[in-house]
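K.L.:
Structure: work.txt, compact mmCIF, C-alpha atoms.
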```txt
# COMPACT_ATOMS: atom_id res chain seq x y z
CA MET X 900 -6.61 -6.74 33.61
CA GLN X 901 -4.72 -3.54 33.07
CA ARG X 902 -1.47 -5.26 33.91
CA ALA X 903 -2.22 -8.17 31.60
CA SER X 904 -2.80 -5.92 28.64
CA LYS X 905 0.34 -3.93 29.38
CA ALA X 906 2.22 -7.20 29.35
CA ALA X 907 0.62 -8.08 26.01
CA ARG X 908 1.68 -4.77 24.57
CA ASP X 909 5.22 -5.20 25.81
CA ARG X 910 5.35 -8.68 24.30
CA LEU X 911 4.18 -7.27 20.99
CA LYS X 912 6.77 -4.55 21.09
CA THR X 913 9.48 -7.11 21.78
CA ALA X 914 8.21 -9.36 19.00
CA MET X 915 8.31 -6.46 16.55
CA SER X 916 11.93 -5.77 17.34
CA ARG X 917 12.78 -9.49 17.13
CA LEU X 918 11.15 -9.52 13.71
CA ALA X 919 13.19 -6.57 12.58
CA GLY X 920 16.22 -8.60 13.62
CA GLY X 921 15.16 -11.42 11.29
CA ASP X 922 13.59 -13.79 13.84
CA ARG X 923 11.00 -15.86 11.96
CA ALA X 924 9.26 -17.06 15.11
CA ALA X 925 8.45 -13.47 16.01
CA LEU X 926 5.95 -13.23 13.19
CA GLU X 927 3.86 -16.04 14.63
CA ASP X 928 3.79 -14.31 18.01
CA ILE X 929 2.69 -11.10 16.32
CA TYR X 930 0.08 -12.97 14.32
CA ARG X 931 -1.36 -14.67 17.40
CA ALA X 932 -1.60 -11.37 19.23
CA THR X 933 -3.01 -9.20 16.46
CA SER X 934 -4.66 -11.23 13.69
CA ALA X 935 -8.18 -11.08 15.15
CA LYS X 936 -8.03 -7.31 15.36
CA LEU X 937 -6.51 -6.87 11.92
CA PHE X 938 -8.84 -9.40 10.35
CA GLY X 939 -11.80 -7.52 11.84
CA ILE X 940 -10.52 -4.34 10.21
CA CYS X 941 -9.94 -5.94 6.80
CA LEU X 942 -13.30 -7.68 6.90
CA ARG X 943 -15.11 -4.51 7.83
CA ILE X 944 -13.61 -2.61 4.92
CA LEU X 945 -13.74 -5.35 2.32
CA GLY X 946 -17.01 -7.00 3.38
CA ASP X 947 -15.84 -10.37 2.10
CA GLU X 948 -14.09 -13.11 4.08
CA LYS X 949 -11.93 -14.33 1.22
CA GLU X 950 -10.76 -10.85 0.30
CA ALA X 951 -10.16 -10.03 3.94
CA GLU X 952 -8.04 -13.17 4.34
CA ASP X 953 -6.00 -12.29 1.29
CA ALA X 954 -5.51 -8.79 2.64
CA LEU X 955 -4.48 -10.16 6.01
CA GLN X 956 -1.98 -12.55 4.49
CA ASP X 957 -0.56 -9.66 2.50
CA VAL X 958 -0.25 -7.56 5.68
CA TYR X 959 1.76 -10.18 7.58
CA LEU X 960 3.95 -11.14 4.64
CA THR X 961 4.77 -7.51 3.99
CA LEU X 962 5.52 -7.10 7.66
CA TRP X 963 7.86 -10.07 7.47
CA ARG X 964 9.64 -8.80 4.40
CA ARG X 965 9.92 -5.22 5.52
CA ALA X 966 9.88 -5.27 9.30
CA ASP X 967 12.28 -2.34 9.27
CA ARG X 968 9.47 -0.04 8.17
CA TYR X 969 8.03 0.10 11.66
CA ASP X 970 9.40 2.93 13.72
CA PRO X 971 8.94 2.19 17.42
CA GLU X 972 9.55 5.86 18.22
CA ARG X 973 6.47 6.96 16.36
CA ALA X 974 3.49 4.81 17.11
CA SER X 975 2.48 1.90 19.31
CA PRO X 976 2.83 -1.36 17.39
CA ILE X 977 -0.87 -2.15 17.52
CA ALA X 978 -1.86 1.32 16.28
CA TRP X 979 0.69 1.05 13.50
CA LEU X 980 -0.45 -2.44 12.51
CA ALA X 981 -4.11 -1.40 12.54
CA THR X 982 -3.34 1.58 10.28
CA PHE X 983 -1.26 -0.62 8.03
CA ALA X 984 -4.03 -3.23 7.73
CA ARG X 985 -6.65 -0.58 7.05
CA ASN X 986 -4.52 1.01 4.33
CA ARG X 987 -3.88 -2.32 2.67
CA ALA X 988 -7.57 -3.24 2.75
CA ILE X 989 -8.44 0.13 1.20
CA ASP X 990 -5.82 -0.35 -1.50
CA ARG X 991 -7.42 -3.68 -2.29
CA LEU X 992 -10.86 -2.09 -2.36
CA ARG X 993 -9.59 0.54 -4.80
CA THR X 994 -8.15 -1.96 -7.23
CA GLY X 995 -11.77 -2.70 -8.07
CA LYS X 996 -11.58 -6.43 -7.64
CA VAL X 997 -13.90 -6.44 -4.69
CA ARG X 998 -17.50 -6.20 -5.73
CA GLY X 999 -19.38 -6.06 -2.49
CA GLY X 1000 -17.24 -3.55 -0.68
CA ALA X 1001 -17.61 -2.62 2.92
CA VAL X 1002 -20.49 -3.43 5.15
CA PRO X 1003 -22.39 -0.27 6.04
CA GLU X 1004 -22.06 0.68 9.65
CA ASP X 1005 -25.63 -0.13 10.61
CA LYS X 1006 -25.28 -3.68 9.29
CA ALA X 1007 -21.80 -4.28 10.61
CA ALA X 1008 -23.05 -5.33 14.02
CA SER X 1009 -24.55 -8.49 12.56
CA LEU X 1010 -21.11 -9.57 11.41
CA SER X 1011 -20.16 -10.42 14.93
CA ASP X 1012 -23.25 -12.58 15.50
CA GLY X 1013 -22.68 -16.25 16.07
CA SER X 1014 -19.06 -16.59 17.04
CA PRO X 1015 -17.73 -15.40 20.36
CA LEU X 1016 -15.46 -12.42 20.01
CA PRO X 1017 -11.82 -13.13 20.64
CA ASP X 1018 -9.88 -10.92 22.97
CA SER X 1019 -7.94 -8.33 21.18
CA MET X 1020 -5.50 -5.67 21.95
CA LEU X 1021 -6.82 -2.14 22.11
CA ILE X 1022 -5.09 0.83 20.56
CA ASP X 1023 -6.74 3.12 23.04
CA GLU X 1024 -6.73 1.13 26.24
CA GLU X 1025 -8.72 3.62 28.27
CA ARG X 1026 -11.12 4.45 25.46
CA GLU X 1027 -10.37 8.07 26.02
CA ALA X 1028 -8.81 9.02 22.70
CA ARG X 1029 -9.62 12.57 21.89
CA VAL X 1030 -10.76 11.71 18.39
CA ARG X 1031 -13.93 10.17 19.82
CA ALA X 1032 -15.00 13.24 21.74
CA CYS X 1033 -14.02 15.51 18.86
CA LEU X 1034 -16.03 13.53 16.33
CA GLU X 1035 -19.05 13.81 18.61
CA GLU X 1036 -18.78 17.57 18.43
CA LEU X 1037 -19.30 17.60 14.66
CA ASP X 1038 -22.68 17.92 12.99
CA GLU X 1039 -24.29 14.63 12.18
CA THR X 1040 -23.75 14.78 8.40
CA PRO X 1041 -19.98 15.35 8.37
CA ARG X 1042 -19.55 13.03 11.33
CA ASP X 1043 -21.33 10.17 9.59
CA ALA X 1044 -19.42 10.80 6.37
CA ILE X 1045 -16.07 10.77 8.16
CA ARG X 1046 -17.03 7.59 9.98
CA SER X 1047 -18.04 5.93 6.70
CA ALA X 1048 -14.73 6.94 5.19
CA PHE X 1049 -12.84 5.46 8.11
CA PHE X 1050 -14.82 2.27 8.64
CA GLU X 1051 -15.89 1.45 5.10
CA GLY X 1052 -13.11 3.05 3.06
CA ARG X 1053 -15.56 5.20 1.09
CA THR X 1054 -14.27 7.86 -1.27
CA TYR X 1055 -15.71 11.33 -1.71
CA ALA X 1056 -17.51 10.22 -4.85
CA GLU X 1057 -19.12 7.23 -3.14
CA LEU X 1058 -20.22 9.27 -0.17
CA ALA X 1059 -21.73 11.93 -2.39
CA GLU X 1060 -23.58 9.33 -4.41
CA ARG X 1061 -24.90 7.62 -1.34
CA GLN X 1062 -26.21 10.88 0.11
CA GLY X 1063 -27.52 12.01 -3.27
CA VAL X 1064 -25.61 15.30 -3.14
CA PRO X 1065 -23.16 16.83 -5.64
CA LEU X 1066 -19.51 15.85 -5.15
CA GLY X 1067 -18.55 19.45 -4.36
CA THR X 1068 -21.12 19.60 -1.59
CA MET X 1069 -19.85 16.43 0.03
CA LYS X 1070 -16.28 17.68 -0.21
CA SER X 1071 -17.07 20.95 1.47
CA TRP X 1072 -19.06 19.25 4.24
CA ILE X 1073 -16.25 16.87 5.00
CA ARG X 1074 -13.50 19.47 4.68
CA ARG X 1075 -15.25 21.75 7.10
CA GLY X 1076 -15.71 18.78 9.41
CA LEU X 1077 -12.02 17.86 9.17
CA ALA X 1078 -10.92 21.42 9.87
CA LYS X 1079 -13.13 21.43 12.98
CA LEU X 1080 -11.86 18.02 13.98
CA LYS X 1081 -8.30 19.26 13.70
CA ALA X 1082 -8.97 22.32 15.83
CA CYS X 1083 -10.61 20.14 18.47
CA MET X 1084 -7.77 17.58 18.41
CA GLU X 1085 -5.14 20.28 18.70
CA ALA X 1086 -6.87 21.80 21.68
CA GLY X 1087 -6.08 18.56 23.48
CA GLU X 1088 -2.62 17.79 22.08
CA MET L 210 -15.23 21.51 -11.30
CA SER L 211 -13.59 24.46 -9.65
CA GLU L 212 -10.06 24.21 -8.36
CA ASP L 213 -10.04 22.43 -5.01
CA LYS L 214 -8.50 24.63 -2.39
CA ARG L 215 -7.93 23.45 1.13
CA PRO L 216 -5.19 23.73 3.70
CA ASP L 217 -2.54 21.02 3.69
CA SER L 218 -3.73 19.80 7.05
CA VAL L 219 -7.14 19.02 5.56
CA LEU L 220 -5.56 17.40 2.51
CA ALA L 221 -3.45 15.24 4.84
CA ALA L 222 -6.60 14.21 6.71
CA GLU L 223 -8.42 13.36 3.47
CA TYR L 224 -5.45 11.30 2.42
CA ALA L 225 -5.23 9.50 5.77
CA LEU L 226 -8.95 8.73 5.69
CA GLY L 227 -8.70 7.34 2.17
CA LEU L 228 -11.19 9.77 0.63
CA LEU L 229 -9.00 10.56 -2.34
CA GLU L 230 -8.79 8.64 -5.58
CA GLY L 231 -7.27 8.98 -9.03
CA GLU L 232 -4.95 11.86 -9.69
CA GLU L 233 -5.63 13.49 -6.35
CA LEU L 234 -4.46 10.32 -4.64
CA LEU L 235 -1.31 10.13 -6.73
CA ALA L 236 -0.57 13.78 -6.06
CA ALA L 237 -1.01 13.24 -2.31
CA ARG L 238 1.31 10.22 -2.39
CA ALA L 239 3.91 12.26 -4.22
CA ARG L 240 3.56 15.09 -1.71
CA GLU L 241 4.06 12.61 1.09
CA ALA L 242 7.18 11.30 -0.62
CA SER L 243 8.69 14.70 -1.33
CA ASP L 244 7.46 16.99 1.42
CA GLY L 245 8.52 16.12 4.94
CA ALA L 246 6.09 18.52 6.60
CA PHE L 247 3.18 17.05 4.70
CA ALA L 248 4.34 13.50 5.46
CA ALA L 249 4.48 14.36 9.16
CA GLU L 250 1.00 15.82 9.03
CA PHE L 251 -0.28 12.70 7.27
CA ALA L 252 1.37 10.44 9.86
CA GLN L 253 -0.13 12.54 12.64
CA TRP L 254 -3.62 12.14 11.19
CA GLN L 255 -3.12 8.40 10.94
CA ASP L 256 -2.16 8.30 14.59
CA ARG L 257 -5.09 10.50 15.57
CA LEU L 258 -7.60 8.36 13.71
CA ALA L 259 -6.13 4.96 14.62
CA PRO L 260 -7.97 4.62 17.95
CA LEU L 261 -11.27 4.53 16.04
CA ALA L 262 -10.29 1.06 14.87
CA ASP L 263 -11.01 -0.15 18.39
CA ASP L 264 -14.70 0.18 17.51
CA ILE L 265 -14.36 -2.63 14.99
CA ASP L 266 -15.11 -6.03 16.46
CA PRO L 267 -12.21 -8.44 16.26
CA ARG L 268 -12.81 -11.55 14.17
CA MET L 269 -10.85 -14.77 14.06
CA PRO L 270 -9.52 -15.62 10.62
CA ARG L 271 -9.69 -19.30 9.66
CA ALA L 272 -7.06 -21.40 11.39
CA GLU L 273 -5.58 -22.43 8.02
CA LEU L 274 -4.52 -18.88 7.29
CA TRP L 275 -1.47 -18.98 9.51
CA ALA L 276 -0.23 -22.13 7.75
CA LYS L 277 -0.60 -20.35 4.42
CA ILE L 278 1.37 -17.36 5.65
CA GLU L 279 4.05 -19.60 7.07
CA ALA L 280 4.34 -21.49 3.79
CA ALA L 281 4.67 -18.22 1.90
CA MET L 282 7.35 -17.13 4.36
CA GLY L 283 9.20 -20.33 3.63
CA ALA L 284 9.65 -19.08 0.10
CA ASP L 285 11.45 -16.06 1.51
CA ALA L 286 14.63 -15.91 3.49
CA GLY L 287 15.28 -14.06 6.71
CA THR L 288 14.63 -10.36 6.90
CA ALA L 289 18.28 -9.67 7.55
CA GLU L 290 19.10 -11.03 4.13
CA VAL L 291 16.21 -9.37 2.42
CA VAL L 292 18.16 -6.64 0.76
CA SER L 293 20.54 -8.98 -1.01
CA LEU L 294 17.77 -11.47 -1.52
CA ARG L 295 15.48 -9.01 -3.18
CA ARG L 296 18.03 -8.66 -5.91
CA LYS L 297 17.87 -12.37 -6.54
CA VAL L 298 14.11 -12.48 -6.36
CA ARG L 299 14.03 -9.65 -8.80
CA ARG L 300 16.16 -11.67 -11.19
CA TRP L 301 13.92 -14.72 -10.90
CA GLN L 302 11.04 -12.49 -11.68
CA TRP L 303 12.64 -10.77 -14.62
CA ILE L 304 10.85 -12.82 -17.17
CA GLY L 305 8.07 -13.81 -14.80
CA ALA L 306 4.77 -14.16 -16.53
CA LEU L 307 2.49 -11.31 -15.73
CA SER L 308 -0.64 -13.05 -16.96
CA ALA L 309 -3.78 -11.16 -16.05
CA ALA L 310 -1.97 -7.99 -15.19
CA ALA L 311 -0.21 -7.99 -18.52
CA ALA L 312 -3.47 -8.57 -20.28
CA VAL L 313 -4.98 -5.57 -18.56
CA ALA L 314 -2.01 -3.31 -19.13
CA LEU L 315 -1.66 -4.43 -22.71
CA ALA L 316 -5.32 -3.88 -23.34
CA ILE L 317 -4.98 -0.36 -21.99
CA PHE L 318 -2.08 0.37 -24.25
CA ALA L 319 -3.63 -1.56 -27.12
CA LEU L 320 -0.55 -3.64 -27.75
CA PRO L 321 -0.64 -7.02 -29.44
CA MET L 322 -0.42 -10.07 -27.20
CA GLN L 323 1.53 -12.66 -29.08
CA GLN L 324 4.03 -15.33 -28.26
CA ALA L 325 7.53 -14.05 -28.69
CA PRO L 326 8.91 -15.43 -31.92
CA ASP L 327 12.13 -17.44 -31.95
CA GLY L 328 13.97 -14.47 -33.40
CA PRO L 329 15.31 -12.79 -30.26
CA SER L 330 16.72 -16.03 -28.85
CA GLY L 331 19.02 -16.19 -31.87
CA THR L 332 20.61 -12.94 -30.87
CA ILE L 333 21.14 -14.18 -27.35
CA ALA L 334 23.56 -16.83 -28.61
CA ASN L 335 25.71 -14.16 -30.16
CA GLY L 336 25.26 -11.71 -27.35
CA PRO L 337 24.38 -8.11 -27.92
CA ALA L 338 26.47 -6.07 -30.34
CA LEU L 339 29.67 -4.77 -28.86
CA THR L 340 29.07 -1.08 -28.67
CA GLN L 341 25.59 0.20 -28.35
CA PRO L 342 24.49 3.68 -27.46
CA PRO L 343 22.92 4.14 -24.05
CA LEU L 344 19.22 4.80 -23.90
CA ALA L 345 17.48 7.17 -21.55
CA ALA L 346 13.93 7.66 -20.42
CA ASN L 347 12.43 10.28 -18.22
CA MET L 348 9.30 9.27 -16.38
CA PRO L 349 7.32 12.17 -14.98
CA ILE L 350 4.97 11.08 -12.21
CA GLU L 351 1.60 12.47 -13.05
CA GLY L 352 0.26 15.34 -11.02
CA THR L 353 3.61 15.83 -9.28
CA PRO L 354 6.87 17.61 -9.96
CA LEU L 355 8.69 14.30 -9.44
CA ARG L 356 10.23 12.11 -12.06
CA LEU L 357 12.18 8.94 -12.41
CA ASP L 358 15.23 8.91 -14.67
CA LEU L 359 16.17 5.66 -16.34
CA THR L 360 19.40 5.09 -18.20
CA TYR L 361 20.09 1.81 -19.93
CA LEU L 362 23.75 0.98 -20.54
CA PRO L 363 23.66 -1.95 -22.98
CA ASP L 364 27.36 -2.72 -22.73
CA ALA L 365 27.20 -2.88 -18.95
CA HIS L 366 23.92 -4.86 -18.95
CA SER L 367 22.77 -2.28 -16.53
CA LEU L 368 19.76 -0.06 -16.00
CA LEU L 369 20.48 2.95 -13.83
CA VAL L 370 17.41 4.09 -11.97
CA THR L 371 17.57 7.55 -10.43
CA ALA L 372 14.88 8.01 -7.85
CA VAL L 373 16.43 10.92 -5.98
CA GLY L 374 13.74 13.10 -4.46
CA LEU L 375 11.36 10.19 -4.06
CA SER L 376 10.95 8.68 -0.62
CA ALA L 377 9.35 5.50 0.58
CA ASP L 378 5.81 5.73 1.94
CA GLY L 379 6.21 2.57 4.00
CA VAL L 380 3.27 0.91 2.27
CA HIS L 381 4.11 0.75 -1.41
CA ASP L 382 6.92 0.04 -3.77
CA HIS L 383 7.02 0.96 -7.43
CA GLU L 384 8.00 -1.52 -10.08
CA ILE L 385 9.41 -0.76 -13.52
CA TRP L 386 8.17 -2.80 -16.47
CA LEU L 387 9.44 -3.09 -20.00
CA VAL L 388 6.70 -3.42 -22.59
CA PRO L 389 8.46 -5.56 -25.20
CA ASP L 390 7.39 -5.36 -28.82
CA GLU L 391 5.83 -8.75 -28.41
CA GLY L 392 4.97 -10.94 -25.48
CA GLU L 393 4.41 -10.24 -21.84
CA LEU L 394 5.65 -7.37 -19.72
CA ILE L 395 9.07 -7.88 -18.18
CA SER L 396 9.91 -6.54 -14.75
CA LEU L 397 12.99 -4.35 -14.62
CA GLY L 398 12.96 -4.30 -10.86
CA VAL L 399 11.60 -2.32 -7.97
CA VAL L 400 12.49 1.34 -7.48
CA THR L 401 14.64 2.18 -4.47
CA PRO L 402 13.35 5.60 -3.42
CA GLY L 403 15.86 8.34 -2.82
CA GLU L 404 18.76 6.55 -4.48
CA VAL L 405 20.50 5.85 -7.73
CA THR L 406 20.59 2.10 -8.23
CA ALA L 407 21.97 -0.13 -10.96
CA HIS L 408 19.59 -2.89 -11.97
CA GLU L 409 21.22 -5.76 -13.76
CA VAL L 410 19.60 -6.51 -17.11
CA PRO L 411 19.81 -10.21 -18.04
CA LEU L 412 21.16 -11.18 -21.44
CA GLU L 413 17.84 -12.55 -22.62
CA VAL L 414 16.11 -9.26 -21.89
CA ALA L 415 18.72 -6.96 -23.40
CA PRO L 416 17.89 -7.57 -27.09
CA ARG L 417 14.30 -6.60 -26.42
CA ILE L 418 15.22 -3.08 -25.30
CA HIS L 419 15.67 -0.49 -28.02
CA GLY L 420 15.04 3.18 -28.75
CA GLY L 421 11.28 3.68 -28.50
CA SER L 422 10.73 0.79 -26.06
CA GLN L 423 7.90 1.60 -23.73
CA LEU L 424 8.25 1.50 -19.95
CA LEU L 425 5.56 1.48 -17.30
CA LEU L 426 5.69 2.16 -13.60
CA THR L 427 3.17 0.38 -11.41
CA ARG L 428 2.36 0.81 -7.75
CA GLU L 429 2.79 -2.45 -5.85
CA PRO L 430 2.87 -3.79 -2.32
CA LEU L 431 6.23 -3.54 -0.59
CA GLY L 432 8.72 -5.80 -2.29
CA GLY L 433 7.10 -5.52 -5.69
CA LYS L 434 4.32 -7.41 -7.42
CA PRO L 435 3.61 -10.66 -5.55
CA PRO L 436 4.02 -13.66 -7.90
CA GLN L 437 0.35 -14.67 -7.93
CA ALA L 438 -1.17 -11.21 -7.91
CA ALA L 439 -2.13 -8.90 -10.71
CA ALA L 440 0.09 -5.88 -11.17
CA GLY L 441 -0.97 -2.69 -9.46
CA PRO L 442 -2.16 0.47 -11.18
CA VAL L 443 0.05 2.12 -13.80
CA VAL L 444 1.21 5.45 -12.37
CA ALA L 445 3.66 6.61 -15.02
CA GLU L 446 5.02 5.70 -18.43
CA ALA L 447 7.89 6.65 -20.70
CA ARG L 448 9.84 5.54 -23.77
CA PHE L 449 13.56 5.01 -24.21
CA ALA L 450 15.40 7.34 -26.55
CA ALA L 451 19.03 7.10 -27.65
CA ILE L 452 21.36 9.62 -26.00
```
Can you give me the file's structure in the form of structure tokens?
P.N.:
Amino acid sequence: MQRASKAARDRLKTAMSRLAGGDRAALEDIYRATSAKLFGICLRILGDEKEAEDALQDVYLTLWRRADRYDPERASPIAWLATFARNRAIDRLRTGKVRGGAVPEDKAASLSDGSPLPDSMLIDEEREARVRACLEELDETPRDAIRSAFFEGRTYAELAERQGVPLGTMKSWIRRGLAKLKACMEAGE
Amino acid sequence: MSEDKRPDSVLAAEYALGLLEGEELLAARAREASDGAFAAEFAQWQDRLAPLADDIDPRMPRAELWAKIEAAMGADAGTAEVVSLRRKVRRWQWIGALSAAAAVALAIFALPMQQAPDGPSGTIANGPALTQPPLAANMPIEGTPLRLDLTYLPDAHSLLVTAVGLSADGVHDHEIWLVPDEGELISLGVVTPGEVTAHEVPLEVAPRIHGGSQLLLTREPLGGKPPQAAAGPVVAEARFAAI
């Protein structure tokens, strides 16, 4: 299992460098290996299959056109692609064309009903990333707000409105939470 | 609202999470482009947060999607040629209709949307006058100390774009648009961050540029506005003045 996923990661890494070299076939390999994960991310943030597909298409085409943007020294390809897909989905959300927006966390589980989940590559193979433990150490309110920002692409204003608190209050909750999160992350870095 | 004060590390986290919008977002983007330490902090937050994405269930996109992507790739050439190709693409797109995006931008700037009259095409036959003064525009990027300098050299059919001090964020490009007196916006190409680049101005566009011509800068996906998509948000504007 472990070995298989290491092999998958290595294949992805190789495909990314082939792509940077202009190999068209590499994009299909990357797509096969990562599209389920990236589509899950886009769908979660955009809450609409059509929008999520458009976002996904945009992600891979941009990758094709500008493969040189990926720096293998900095991040693992799957982490980089996941961040890239999330950023693109959020950009799309912000352009205001998407009405529904993200699916709230408590309803997101139902999205996976029906179809069997495909295998997908994990960013954090051992599920031991420090960010998980550090988020758990925060108070519930900032933790939930930070999670909503990450998983649903919510802005400060949206989070404040949802909680029915003034914008300034939400900002100071989250900022305190982020400062704590940083201290906790750094303790383990 | 009182002035927002927070350490850069928290600002970088807010930016990485996507909490910011409007001017704060633009200011953070500009910081990322101009301030290496901030950019590194932002990248570090992205890396720290990325593992959370493992909590999102994977979903299969429809099988047709790959065929669509492949077809769209077919319209491109190989990555290795992209740099030279982008110049060509840019030229094909010079006069490209901007449709919905133009309508939005023009509504914002309350400019008339009319068909271009036959007039300008008459001047094309004769070519532009022999000696014309260069025009310059200075585009400050809101909420940041950065600016884009644009110099149009009519005799050289060239637009010099100085983007020194700007750096690529890896996710966006910025596209320059001419707002002609009449008709749809015309792309003047995509900004190359950190460099001075000469953008060729086609003959049919040249007569539409004059002192007072308005320019817009929009934020787009990498490579510039995709042909079928609406233009991105306007992040800066300026007007040409004779120098």
K.L.:
Find the residues in chain L near chain X: any atom within 9 Å counts, using only C-alpha atoms. Write them as a JSON list (two decimals) with C-alpha atoms, in the coordinates of the input.
P.N.:
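Contents of result.json, freshly written:
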```json
[["chain", "number", "residue", "atom", "x", "y", "z"],
["L", 210, "MET", "CA", -15.23, 21.51, -11.30],
["L", 211, "SER", "CA", -13.59, 24.46, -9.65],
["L", 215, "ARG", "CA", -7.93, 23.45, 1.13],
["L", 216, "PRO", "CA", -5.19, 23.73, 3.70],
["L", 218, "SER", "CA", -3.73, 19.80, 7.05],
["L", 219, "VAL", "CA", -7.14, 19.02, 5.56],
["L", 220, "LEU", "CA", -5.56, 17.40, 2.51],
["L", 222, "ALA", "CA", -6.60, 14.21, 6.71],
["L", 223, "GLU", "CA", -8.42, 13.36, 3.47],
["L", 225, "ALA", "CA", -5.23, 9.50, 5.77],
["L", 226, "LEU", "CA", -8.95, 8.73, 5.69],
["L", 227, "GLY", "CA", -8.70, 7.34, 2.17],
["L", 228, "LEU", "CA", -11.19, 9.77, 0.63],
["L", 229, "LEU", "CA", -9.00, 10.56, -2.34],
["L", 230, "GLU", "CA", -8.79, 8.64, -5.58],
["L", 252, "ALA", "CA", 1.37, 10.44, 9.86],
["L", 254, "TRP", "CA", -3.62, 12.14, 11.19],
["L", 255, "GLN", "CA", -3.12, 8.40, 10.94],
["L", 256, "ASP", "CA", -2.16, 8.30, 14.59],
["L", 257, "ARG", "CA", -5.09, 10.50, 15.57],
["L", 258, "LEU", "CA", -7.60, 8.36, 13.71],
["L", 259, "ALA", "CA", -6.13, 4.96, 14.62],
["L", 260, "PRO", "CA", -7.97, 4.62, 17.95],
["L", 261, "LEU", "CA", -11.27, 4.53, 16.04],
["L", 262, "ALA", "CA", -10.29, 1.06, 14.87],
["L", 263, "ASP", "CA", -11.01, -0.15, 18.39],
["L", 265, "ILE", "CA", -14.36, -2.63, 14.99],
["L", 266, "ASP", "CA", -15.11, -6.03, 16.46],
["L", 267, "PRO", "CA", -12.21, -8.44, 16.26],
["L", 268, "ARG", "CA", -12.81, -11.55, 14.17],
["L", 269, "MET", "CA", -10.85, -14.77, 14.06],
["L", 270, "PRO", "CA", -9.52, -15.62, 10.62],
["L", 271, "ARG", "CA", -9.69, -19.30, 9.66],
["L", 274, "LEU", "CA", -4.52, -18.88, 7.29],
["L", 275, "TRP", "CA", -1.47, -18.98, 9.51],
["L", 277, "LYS", "CA", -0.60, -20.35, 4.42],
["L", 278, "ILE", "CA", 1.37, -17.36, 5.65],
["L", 279, "GLU", "CA", 4.05, -19.60, 7.07],
["L", 281, "ALA", "CA", 4.67, -18.22, 1.90],
["L", 282, "MET", "CA", 7.35, -17.13, 4.36],
["L", 285, "ASP", "CA", 11.45, -16.06, 1.51],
["L", 286, "ALA", "CA", 14.63, -15.91, 3.49],
["L", 287, "GLY", "CA", 15.28, -14.06, 6.71],
["L", 288, "THR", "CA", 14.63, -10.36, 6.90],
["L", 289, "ALA", "CA", 18.28, -9.67, 7.55],
["L", 290, "GLU", "CA", 19.10, -11.03, 4.13],
["L", 291, "VAL", "CA", 16.21, -9.37, 2.42],
["L", 379, "GLY", "CA", 6.21, 2.57, 4.00],
["L", 380, "VAL", "CA", 3.27, 0.91, 2.27],
["L", 430, "PRO", "CA", 2.87, -3.79, -2.32],
["L", 431, "LEU", "CA", 6.23, -3.54, -0.59],
["L", 432, "GLY", "CA", 8.72, -5.80, -2.29],
["L", 441, "GLY", "CA", -0.97, -2.69, -9.46],
["L", 442, "PRO", "CA", -2.16, 0.47, -11.18]]
```
K.L.:
Have a look at atom CA of Leu235 of chain L and atom CA of Ser376 of chain L and let me know their distance in Å, one decimal.
P.N.:
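It comes out at 13.8 Å.
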K.L.:
If you count all atoms listed in the file, which residues fall within 7 Å of segment 416-429 of chain L, apart from same-chain ones fewer than 6 positions away, as a list in words?
P.N.:
Pro329, Pro337, Leu344, His381, Asp382, His383, Glu384, Ile385, Trp386, Leu387, Val388, Pro389, Ala440, Gly441, Pro442, Val443, Val444, Ala445, Glu446, Ala447, Arg448, Phe449, Ala450 and Ala451 of chain L
K.L.:
Could you save those same residues with C-alpha atoms as an mmCIF file, in the coordinates of the input?
P.N.:
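Once written, selection-v1.cif looks like this:
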```cif
data_model
loop_
_atom_site.group_PDB
_atom_site.id
_atom_site.type_symbol
_atom_site.label_atom_id
_atom_site.label_comp_id
_atom_site.auth_asym_id
_atom_site.auth_seq_id
_atom_site.Cartn_x
_atom_site.Cartn_y
_atom_site.Cartn_z
ATOM 1 C CA PRO L 329 15.310 -12.790 -30.260
ATOM 2 C CA PRO L 337 24.380 -8.110 -27.920
ATOM 3 C CA LEU L 344 19.220 4.800 -23.900
ATOM 4 C CA HIS L 381 4.110 0.750 -1.410
ATOM 5 C CA ASP L 382 6.920 0.040 -3.770
ATOM 6 C CA HIS L 383 7.020 0.960 -7.430
ATOM 7 C CA GLU L 384 8.000 -1.520 -10.080
ATOM 8 C CA ILE L 385 9.410 -0.760 -13.520
ATOM 9 C CA TRP L 386 8.170 -2.800 -16.470
ATOM 10 C CA LEU L 387 9.440 -3.090 -20.000
ATOM 11 C CA VAL L 388 6.700 -3.420 -22.590
ATOM 12 C CA PRO L 389 8.460 -5.560 -25.200
ATOM 13 C CA ALA L 440 0.090 -5.880 -11.170
ATOM 14 C CA GLY L 441 -0.970 -2.690 -9.460
ATOM 15 C CA PRO L 442 -2.160 0.470 -11.180
ATOM 16 C CA VAL L 443 0.050 2.120 -13.800
ATOM 17 C CA VAL L 444 1.210 5.450 -12.370
ATOM 18 C CA ALA L 445 3.660 6.610 -15.020
ATOM 19 C CA GLU L 446 5.020 5.700 -18.430
ATOM 20 C CA ALA L 447 7.890 6.650 -20.700
ATOM 21 C CA ARG L 448 9.840 5.540 -23.770
ATOM 22 C CA PHE L 449 13.560 5.010 -24.210
ATOM 23 C CA ALA L 450 15.400 7.340 -26.550
ATOM 24 C CA ALA L 451 19.030 7.100 -27.650
#
```
K.L.:
Using only C-alpha atoms, can you list as number ranges by chain the residues within 7 Å of (19.4, 0.6, -10.5)?
P.N.:
L: 368-370, 405-408
